[in-house]
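Visitor: File upload17.cif follows (mmCIF, N, CA and C atoms):
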data_final
loop_
_atom_site.label_atom_id
_atom_site.label_comp_id
_atom_site.auth_asym_id
_atom_site.auth_seq_id
_atom_site.Cartn_x
_atom_site.Cartn_y
_atom_site.Cartn_z
N MET P 745 126.72 79.35 110.08
CA MET P 745 125.62 80.28 110.13
C MET P 745 126.13 81.72 110.20
N LYS P 746 127.23 81.92 110.93
CA LYS P 746 127.81 83.25 111.03
C LYS P 746 128.26 83.73 109.66
N ILE P 747 128.84 82.83 108.87
CA ILE P 747 129.28 83.19 107.52
C ILE P 747 128.08 83.57 106.67
N LEU P 748 126.97 82.83 106.79
CA LEU P 748 125.76 83.14 106.04
C LEU P 748 125.28 84.55 106.37
N GLY P 749 125.29 84.89 107.66
CA GLY P 749 124.86 86.22 108.08
C GLY P 749 125.75 87.31 107.51
N LEU P 750 127.06 87.09 107.52
CA LEU P 750 127.99 88.06 106.95
C LEU P 750 127.80 88.17 105.45
N PHE P 751 127.60 87.03 104.79
CA PHE P 751 127.37 87.05 103.35
C PHE P 751 126.10 87.81 103.02
N LEU P 752 125.04 87.54 103.78
CA LEU P 752 123.77 88.21 103.55
C LEU P 752 123.91 89.71 103.74
N ALA P 753 124.56 90.12 104.81
CA ALA P 753 124.74 91.55 105.06
C ALA P 753 125.55 92.19 103.93
N GLY P 754 126.61 91.53 103.51
CA GLY P 754 127.43 92.05 102.42
C GLY P 754 126.66 92.07 101.11
N PHE P 755 125.92 91.02 100.86
CA PHE P 755 125.15 90.95 99.61
C PHE P 755 124.13 92.06 99.54
N LEU P 756 123.38 92.25 100.62
CA LEU P 756 122.35 93.28 100.61
C LEU P 756 122.94 94.67 100.52
N SER P 757 124.07 94.89 101.17
CA SER P 757 124.62 96.23 101.15
C SER P 757 125.35 96.53 99.84
N LEU P 758 125.99 95.55 99.23
CA LEU P 758 126.74 95.82 98.01
C LEU P 758 125.93 95.61 96.75
N SER P 759 125.14 94.54 96.69
CA SER P 759 124.42 94.23 95.46
C SER P 759 123.13 94.99 95.33
N ALA P 760 122.28 94.84 96.30
CA ALA P 760 120.96 95.42 96.17
C ALA P 760 120.89 96.83 96.74
N LYS P 761 121.78 97.15 97.68
CA LYS P 761 121.78 98.46 98.33
C LYS P 761 120.38 98.83 98.80
N ALA P 762 119.77 97.93 99.54
CA ALA P 762 118.40 98.18 99.97
C ALA P 762 118.21 97.80 101.42
N ASP P 763 117.38 98.54 102.07
CA ASP P 763 116.90 98.16 103.38
C ASP P 763 115.49 97.60 103.26
N VAL P 764 114.75 98.10 102.26
CA VAL P 764 113.36 97.67 102.06
C VAL P 764 113.16 97.24 100.61
N PHE P 765 112.61 96.05 100.45
CA PHE P 765 112.24 95.55 99.13
C PHE P 765 110.72 95.56 99.05
N GLN P 766 110.18 95.95 97.90
CA GLN P 766 108.74 95.86 97.70
C GLN P 766 108.49 94.90 96.55
N CYS P 767 107.59 93.95 96.76
CA CYS P 767 107.23 92.97 95.74
C CYS P 767 105.75 93.13 95.43
N ASN P 768 105.43 93.27 94.14
CA ASN P 768 104.06 93.45 93.68
C ASN P 768 103.59 92.19 92.96
N PHE P 769 102.41 91.72 93.36
CA PHE P 769 101.81 90.53 92.77
C PHE P 769 100.41 90.89 92.28
N THR P 770 99.92 90.18 91.28
CA THR P 770 98.55 90.39 90.80
C THR P 770 97.82 89.07 90.76
N GLU P 771 96.50 89.19 90.85
CA GLU P 771 95.56 88.06 90.81
C GLU P 771 95.92 87.00 91.84
N PRO P 772 95.77 87.29 93.10
CA PRO P 772 95.22 88.51 93.69
C PRO P 772 96.27 89.61 93.82
N PHE P 773 95.79 90.84 93.94
CA PHE P 773 96.68 91.99 94.11
C PHE P 773 97.21 92.00 95.53
N ILE P 774 98.51 91.83 95.65
CA ILE P 774 99.17 91.81 96.96
C ILE P 774 100.48 92.57 96.82
N ILE P 775 100.79 93.37 97.82
CA ILE P 775 102.09 94.02 97.90
C ILE P 775 102.73 93.58 99.21
N VAL P 776 103.96 93.10 99.13
CA VAL P 776 104.71 92.74 100.32
C VAL P 776 105.94 93.63 100.37
N SER P 777 106.09 94.36 101.46
CA SER P 777 107.29 95.16 101.69
C SER P 777 108.12 94.47 102.76
N LEU P 778 109.36 94.17 102.43
CA LEU P 778 110.25 93.45 103.34
C LEU P 778 111.36 94.37 103.79
N ASP P 779 111.39 94.68 105.08
CA ASP P 779 112.42 95.53 105.66
C ASP P 779 113.51 94.62 106.22
N THR P 780 114.68 94.63 105.59
CA THR P 780 115.75 93.72 105.97
C THR P 780 116.55 94.21 107.18
N VAL P 781 116.32 95.45 107.59
CA VAL P 781 116.99 95.97 108.78
C VAL P 781 116.12 95.73 110.01
N LYS P 782 114.84 96.11 109.92
CA LYS P 782 113.92 95.92 111.05
C LYS P 782 113.40 94.49 111.15
N LEU P 783 113.64 93.69 110.10
CA LEU P 783 113.14 92.32 110.02
C LEU P 783 111.61 92.28 110.19
N THR P 784 110.95 93.08 109.33
CA THR P 784 109.49 93.09 109.31
C THR P 784 109.02 92.96 107.86
N ALA P 785 107.81 92.46 107.73
CA ALA P 785 107.14 92.40 106.43
C ALA P 785 105.78 93.09 106.58
N THR P 786 105.43 93.90 105.59
CA THR P 786 104.12 94.53 105.58
C THR P 786 103.33 93.95 104.42
N TRP P 787 102.15 93.43 104.73
CA TRP P 787 101.27 92.75 103.78
C TRP P 787 100.14 93.71 103.44
N SER P 788 99.99 94.05 102.16
CA SER P 788 98.94 94.97 101.71
C SER P 788 98.10 94.28 100.65
N ALA P 789 96.79 94.35 100.82
CA ALA P 789 95.87 93.78 99.83
C ALA P 789 94.63 94.68 99.79
N PRO P 790 94.01 94.83 98.60
CA PRO P 790 92.82 95.68 98.50
C PRO P 790 91.71 95.23 99.45
N GLY P 791 91.10 96.21 100.09
CA GLY P 791 89.99 95.91 100.99
C GLY P 791 90.42 95.39 102.35
N GLU P 792 91.72 95.29 102.57
CA GLU P 792 92.23 94.82 103.86
C GLU P 792 93.13 95.89 104.45
N GLU P 793 93.20 95.92 105.76
CA GLU P 793 94.12 96.84 106.43
C GLU P 793 95.53 96.27 106.32
N ASP P 794 96.51 97.16 106.07
CA ASP P 794 97.90 96.71 105.99
C ASP P 794 98.30 96.07 107.32
N VAL P 795 99.07 94.99 107.23
CA VAL P 795 99.51 94.27 108.41
C VAL P 795 101.03 94.19 108.39
N ALA P 796 101.66 94.70 109.45
CA ALA P 796 103.12 94.59 109.60
C ALA P 796 103.41 93.49 110.61
N VAL P 797 104.26 92.56 110.23
CA VAL P 797 104.55 91.40 111.08
C VAL P 797 106.06 91.18 111.15
N PRO P 798 106.52 90.54 112.22
CA PRO P 798 107.96 90.25 112.31
C PRO P 798 108.37 89.15 111.33
N VAL P 799 109.60 89.24 110.88
CA VAL P 799 110.23 88.19 110.06
C VAL P 799 111.33 87.60 110.93
N PRO P 800 111.17 86.36 111.39
CA PRO P 800 112.13 85.78 112.33
C PRO P 800 113.56 85.70 111.79
N GLY P 801 113.72 85.67 110.50
CA GLY P 801 115.06 85.60 109.94
C GLY P 801 115.00 85.58 108.43
N LEU P 802 116.13 85.90 107.85
CA LEU P 802 116.25 85.89 106.39
C LEU P 802 117.25 84.82 106.01
N THR P 803 117.07 84.27 104.82
CA THR P 803 118.04 83.32 104.29
C THR P 803 118.47 83.79 102.91
N ILE P 804 119.66 83.39 102.52
CA ILE P 804 120.12 83.63 101.16
C ILE P 804 120.72 82.33 100.66
N SER P 805 120.27 81.90 99.50
CA SER P 805 120.75 80.63 98.96
C SER P 805 122.00 80.86 98.12
N GLU P 806 122.63 79.78 97.77
CA GLU P 806 123.80 79.87 96.88
C GLU P 806 123.42 80.43 95.52
N GLU P 807 122.12 80.36 95.18
CA GLU P 807 121.63 80.87 93.90
C GLU P 807 121.22 82.34 93.98
N ASN P 808 121.60 83.04 95.08
CA ASN P 808 121.25 84.45 95.30
C ASN P 808 119.74 84.68 95.36
N ILE P 809 119.06 83.83 96.09
CA ILE P 809 117.63 84.00 96.34
C ILE P 809 117.45 84.32 97.82
N LEU P 810 116.87 85.49 98.08
CA LEU P 810 116.59 85.91 99.45
C LEU P 810 115.26 85.30 99.87
N GLY P 811 115.22 84.71 101.04
CA GLY P 811 113.99 84.10 101.53
C GLY P 811 113.57 84.70 102.86
N ALA P 812 112.27 84.85 103.03
CA ALA P 812 111.70 85.35 104.28
C ALA P 812 110.40 84.59 104.56
N THR P 813 110.22 84.18 105.79
CA THR P 813 109.00 83.49 106.20
C THR P 813 108.33 84.32 107.29
N PHE P 814 107.02 84.50 107.16
CA PHE P 814 106.30 85.30 108.14
C PHE P 814 104.84 84.87 108.16
N ASP P 815 104.15 85.20 109.25
CA ASP P 815 102.74 84.84 109.42
C ASP P 815 101.87 86.09 109.37
N VAL P 816 100.77 86.01 108.63
CA VAL P 816 99.77 87.08 108.58
C VAL P 816 98.42 86.44 108.90
N ASP P 817 97.80 86.90 109.97
CA ASP P 817 96.49 86.38 110.39
C ASP P 817 96.48 84.85 110.47
N GLY P 818 97.53 84.29 111.04
CA GLY P 818 97.60 82.85 111.24
C GLY P 818 97.98 82.04 110.02
N VAL P 819 98.29 82.71 108.90
CA VAL P 819 98.68 82.01 107.67
C VAL P 819 100.17 82.24 107.43
N ARG P 820 100.90 81.16 107.23
CA ARG P 820 102.34 81.24 106.98
C ARG P 820 102.59 81.58 105.52
N HIS P 821 103.46 82.56 105.28
CA HIS P 821 103.84 82.97 103.93
C HIS P 821 105.34 82.85 103.78
N GLN P 822 105.77 82.44 102.58
CA GLN P 822 107.18 82.35 102.25
C GLN P 822 107.43 83.20 101.02
N LEU P 823 108.23 84.24 101.19
CA LEU P 823 108.58 85.13 100.10
C LEU P 823 109.99 84.81 99.63
N GLN P 824 110.17 84.75 98.33
CA GLN P 824 111.50 84.60 97.74
C GLN P 824 111.73 85.74 96.76
N ILE P 825 112.92 86.34 96.83
CA ILE P 825 113.33 87.36 95.87
C ILE P 825 114.57 86.83 95.16
N ASP P 826 114.44 86.65 93.85
CA ASP P 826 115.54 86.11 93.04
C ASP P 826 116.29 87.26 92.40
N PHE P 827 117.53 87.46 92.85
CA PHE P 827 118.33 88.58 92.39
C PHE P 827 118.98 88.35 91.02
N LYS P 828 118.79 87.17 90.45
CA LYS P 828 119.37 86.87 89.14
C LYS P 828 118.37 87.04 88.00
N VAL P 829 117.08 87.21 88.34
CA VAL P 829 116.03 87.19 87.33
C VAL P 829 115.21 88.48 87.42
N LYS P 830 114.91 89.08 86.27
CA LYS P 830 114.02 90.24 86.22
C LYS P 830 112.60 89.77 86.52
N GLY P 831 111.80 90.67 87.10
CA GLY P 831 110.44 90.30 87.47
C GLY P 831 109.39 91.11 86.73
N SER P 832 108.13 90.69 86.91
CA SER P 832 106.99 91.36 86.31
C SER P 832 105.83 91.27 87.30
N ASP P 833 105.03 92.34 87.34
CA ASP P 833 103.87 92.29 88.22
C ASP P 833 102.68 91.62 87.53
N GLY P 834 102.82 91.28 86.28
CA GLY P 834 101.77 90.57 85.56
C GLY P 834 100.72 91.46 84.95
N MET P 835 100.77 92.76 85.21
CA MET P 835 99.75 93.67 84.69
C MET P 835 100.34 94.84 83.90
N SER P 836 101.45 95.36 84.36
CA SER P 836 102.03 96.53 83.70
C SER P 836 103.16 96.10 82.78
N ASP P 837 103.69 97.08 82.04
CA ASP P 837 104.84 96.82 81.17
C ASP P 837 106.16 97.00 81.90
N PHE P 838 106.12 97.45 83.15
CA PHE P 838 107.35 97.68 83.90
C PHE P 838 108.19 96.41 84.00
N ILE P 839 109.49 96.60 83.92
CA ILE P 839 110.44 95.52 84.16
C ILE P 839 111.03 95.76 85.54
N TYR P 840 110.83 94.81 86.42
CA TYR P 840 111.32 94.92 87.79
C TYR P 840 112.74 94.36 87.86
N PRO P 841 113.57 94.93 88.73
CA PRO P 841 114.96 94.45 88.83
C PRO P 841 115.07 92.98 89.24
N TRP P 842 114.08 92.52 90.03
CA TRP P 842 114.16 91.15 90.54
C TRP P 842 112.79 90.47 90.48
N ALA P 843 112.83 89.15 90.45
CA ALA P 843 111.60 88.35 90.46
C ALA P 843 111.23 87.99 91.89
N GLY P 844 109.94 88.04 92.18
CA GLY P 844 109.44 87.64 93.49
C GLY P 844 108.51 86.44 93.37
N LYS P 845 108.46 85.68 94.44
CA LYS P 845 107.57 84.52 94.46
C LYS P 845 107.03 84.34 95.87
N LEU P 846 105.71 84.16 95.98
CA LEU P 846 105.09 83.75 97.23
C LEU P 846 104.80 82.26 97.08
N LEU P 847 105.49 81.44 97.84
CA LEU P 847 105.37 79.99 97.72
C LEU P 847 104.06 79.49 98.32
N ASP P 848 103.45 78.51 97.66
CA ASP P 848 102.22 77.87 98.15
C ASP P 848 101.21 78.90 98.62
N HIS P 849 100.94 79.89 97.79
CA HIS P 849 100.06 80.98 98.20
C HIS P 849 98.61 80.52 98.37
N GLY P 850 98.19 79.61 97.56
CA GLY P 850 96.82 79.14 97.64
C GLY P 850 96.69 77.78 97.00
N LYS P 851 95.45 77.36 96.77
CA LYS P 851 95.19 76.07 96.12
C LYS P 851 94.21 76.30 94.99
N ASP P 852 94.44 75.59 93.88
CA ASP P 852 93.51 75.70 92.75
C ASP P 852 92.28 74.84 93.02
N SER P 853 91.39 74.77 92.05
CA SER P 853 90.12 74.06 92.24
C SER P 853 90.30 72.57 92.53
N SER P 854 91.45 72.01 92.12
CA SER P 854 91.69 70.59 92.39
C SER P 854 92.43 70.38 93.71
N GLY P 855 92.73 71.49 94.42
CA GLY P 855 93.43 71.38 95.70
C GLY P 855 94.93 71.41 95.59
N THR P 856 95.45 71.64 94.38
CA THR P 856 96.89 71.67 94.18
C THR P 856 97.44 73.05 94.57
N PRO P 857 98.47 73.10 95.43
CA PRO P 857 99.05 74.39 95.81
C PRO P 857 99.67 75.10 94.61
N TYR P 858 99.62 76.42 94.63
CA TYR P 858 100.26 77.20 93.58
C TYR P 858 101.05 78.36 94.18
N ASP P 859 102.01 78.85 93.41
CA ASP P 859 102.83 79.99 93.80
C ASP P 859 102.34 81.23 93.07
N LEU P 860 102.56 82.40 93.67
CA LEU P 860 102.31 83.67 93.00
C LEU P 860 103.65 84.23 92.54
N PHE P 861 103.68 84.78 91.34
CA PHE P 861 104.91 85.36 90.80
C PHE P 861 104.71 86.85 90.62
N GLY P 862 105.76 87.62 90.90
CA GLY P 862 105.65 89.06 90.78
C GLY P 862 107.00 89.72 90.54
N GLY P 863 107.02 91.02 90.71
CA GLY P 863 108.23 91.80 90.53
C GLY P 863 108.59 92.53 91.81
N CYS P 864 109.90 92.64 92.06
CA CYS P 864 110.39 93.28 93.28
C CYS P 864 111.37 94.39 92.94
N PHE P 865 111.40 95.41 93.82
CA PHE P 865 112.31 96.52 93.63
C PHE P 865 112.67 97.12 94.98
N SER P 866 113.59 98.08 94.94
CA SER P 866 113.98 98.82 96.14
C SER P 866 114.09 100.29 95.78
N GLU P 867 114.38 101.11 96.76
CA GLU P 867 114.53 102.54 96.53
C GLU P 867 115.66 102.82 95.52
N ASN P 868 116.71 102.02 95.57
CA ASN P 868 117.86 102.23 94.70
C ASN P 868 117.78 101.47 93.38
N ASN P 869 116.85 100.57 93.26
CA ASN P 869 116.69 99.75 92.06
C ASN P 869 115.20 99.67 91.73
N LYS P 870 114.72 100.65 91.00
CA LYS P 870 113.28 100.77 90.71
C LYS P 870 112.92 100.07 89.40
N PRO P 871 111.63 99.76 89.21
CA PRO P 871 111.19 99.21 87.92
C PRO P 871 111.41 100.24 86.81
N VAL P 872 111.64 99.73 85.61
CA VAL P 872 111.85 100.62 84.45
C VAL P 872 110.91 100.21 83.33
N CYS P 873 110.70 101.16 82.42
CA CYS P 873 109.92 100.86 81.21
C CYS P 873 110.82 100.15 80.22
N PRO P 874 110.26 99.25 79.43
CA PRO P 874 111.08 98.59 78.40
C PRO P 874 111.55 99.61 77.37
N PRO P 875 112.62 99.31 76.65
CA PRO P 875 113.18 100.25 75.67
C PRO P 875 112.14 100.71 74.63
N ASN P 876 111.18 99.87 74.29
CA ASN P 876 110.20 100.24 73.27
C ASN P 876 109.01 101.01 73.87
N GLY P 877 109.09 101.37 75.15
CA GLY P 877 108.02 102.13 75.80
C GLY P 877 106.90 101.25 76.28
N GLY P 878 105.73 101.83 76.41
CA GLY P 878 104.55 101.08 76.82
C GLY P 878 104.10 101.33 78.23
N CYS P 879 104.88 102.03 79.02
CA CYS P 879 104.47 102.29 80.42
C CYS P 879 103.67 103.58 80.52
#
Go through the file and emit its structure as structure tokens.

Guide:
Amino acid sequence: MKILGLFLAGFLSLSAKADVFQCNFTEPFIIVSLDTVKLTATWSAPGEEDVAVPVPGLTISEENILGATFDVDGVRHQLQIDFKVKGSDGMSDFIYPWAGKLLDHGKDSSGTPYDLFGGCFSENNKPVCPPNGGC
């Protein structure tokens, strides 16, 4: 576990160079800001007050996926940021440096759980417009 912590600290400081990651999702519109230093997540959704909650811990997989689990209003959320894959917010033409996923975010009409997919960025790694424009 100590090695995982050292790897995570090194990975975040060298690869992503970020203290805060922001992930944007659409349908529904949700923004999750993950502070890897303060170990907090801020949940923002239209018509709701922003909620900042503690993140008990972070994980990093062998596949370079950062994971965070946190509770908002009694609902458990699992955020994954995949540092190997570019992301999209599903609405704009921006290309995000990383892909984000909220696991088991809700259930469809048949009761089957589904994930939300989005795009994530940091202060040092912002979304960009595609080479052909459109943003």

Visitor: Written as a ChimeraX atom specification, what is the full residue list that the PyMOL selection byres (((chain P and resi 835 and name CA) around 10) and name CA) yields on the file shown?

Guide: /P:768-771,832-834,836-838,862

Visitor: Run the PyMOL selection byres (((chain P and resi 817 and name CA) around 12) and name CA) on the file and write out the hits as number ranges by chain.

Guide: P: 787, 792-797, 814-816, 818-821

Visitor: Kindly indicate which residue among P:Gln822, P:Thr856, P:Asn869, P:Ser788 lies nearest to Trp842 (chain P), using all atoms listed in the file for the distances.

Guide: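 That would be P:Asn869, the residue with the smallest distance to Trp842 (chain P).
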
Visitor: Please write as a list in words the list of polymer residues whose atoms come within 8 Å of (111.7, 88.6, 109.7), counting only C-alpha atoms and keeping to the coordinates of the file.

Guide: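 Every polymer residue passing the test: Thr780, Lys782, Leu783, Thr784, Ala785, Val797, Pro798, Val799, Pro800, Gly801, Leu802, Ala812, Thr813 and Phe814 of chain P.
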
Visitor: Near Cys873 (chain P), within 9 Å and counting only C-alpha atoms, which residues show up once chain neighbours fewer than 4 positions away are dropped, as a list of chain:residue names?

Guide: P:Asp837, P:Phe838, P:Ile839, P:Tyr840, P:Gly877, P:Gly878, P:Cys879

Visitor: My list of candidates is P:Lys845, P:Leu778, P:Lys830, P:Lys870. Which is closest to Tyr858 (chain P) when distances are computed with only C-alpha atoms?

Guide: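 Closest candidate: P:Lys845.
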
Visitor: Would you return as an MDAnalysis selection string the members of chain P that DSSP assigns to strand (DSSP E or B) on this structure's backbone?

Guide: chainID P and resid 764:769 774:779 784:788 795:798 802:804 809:816 819:826 831 839:840 842:851 857:866 872

Visitor: Provide the CA of Gly844 (chain P) to CA of Phe773 (chain P) distance in Å, to one decimal place.

Guide: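 These atoms are spaced 13.5 Å apart.
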
Visitor: Could you state the separation of CA of Ile809 (chain P) and CA of Val781 (chain P) in Å, given to one decimal place?

Guide: 17.3 Å

Visitor: Just want the 5 Å neighbourhood of Gly811 (chain P), counted on all atoms listed in the file, with same-chain residues fewer than 3 positions away dropped. Output as a list of chain:residue names.

Guide: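 Neighbouring residues, sequence-local ones excluded: P:Leu802, P:Thr803, P:Ile804, P:Leu823, P:Gln824.
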
Visitor: Would you compute, for all listed atoms of region 813-832 of chain P, the axis-aligned bounding box grown by 3 Å on each side, and then report its centre and edge lengths in Å rounded to one decimal, as JSON?

Guide:
{"center_x": 107.9, "center_y": 86.3, "center_z": 98.7, "size_x": 28.9, "size_y": 16.2, "size_z": 31.0}

Visitor: Rounded to one decimal, what separation in Å do you get between atom N of Val829 (chain P) and CA of Thr786 (chain P)?

Guide: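 CA of Thr786 (chain P) lies 22.8 Å from atom N of Val829 (chain P).
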
Visitor: Taking only C-alpha atoms into account, which of P:Glu807, P:Gly791, P:Lys828, P:Leu860 comes nearest Pro772 (chain P)?

Guide: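 Answer, going by the shortest atom-to-atom distance: P:Leu860.
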
Visitor: Closest to Asp826 (chain P) among P:Cys767, P:Val776, P:Val872, P:Ala843, using only N, CA and C atoms?

Guide: P:Ala843

Visitor: Smallest atom-to-atom distance to Cys864 (chain P): which of P:Ser805, P:Leu810, P:Asn876, P:Ile825, using only N, CA and C atoms?

Guide: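 So, comparing all the options, the nearest one is P:Ile825.
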
Visitor: From the list P:Phe861, P:Pro841, P:Gln766, P:Leu847, which residue is nearest Pro874 (chain P) when using only C-alpha atoms?

Guide: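 Among the listed residues, the smallest separation from Pro874 (chain P) belongs to P:Pro841.
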
Visitor: Please identify which residues in chain P DSSP calls alpha helix (DSSP H) from the backbone, and express them as an NGL selection string.

Guide: :P and (746-755)
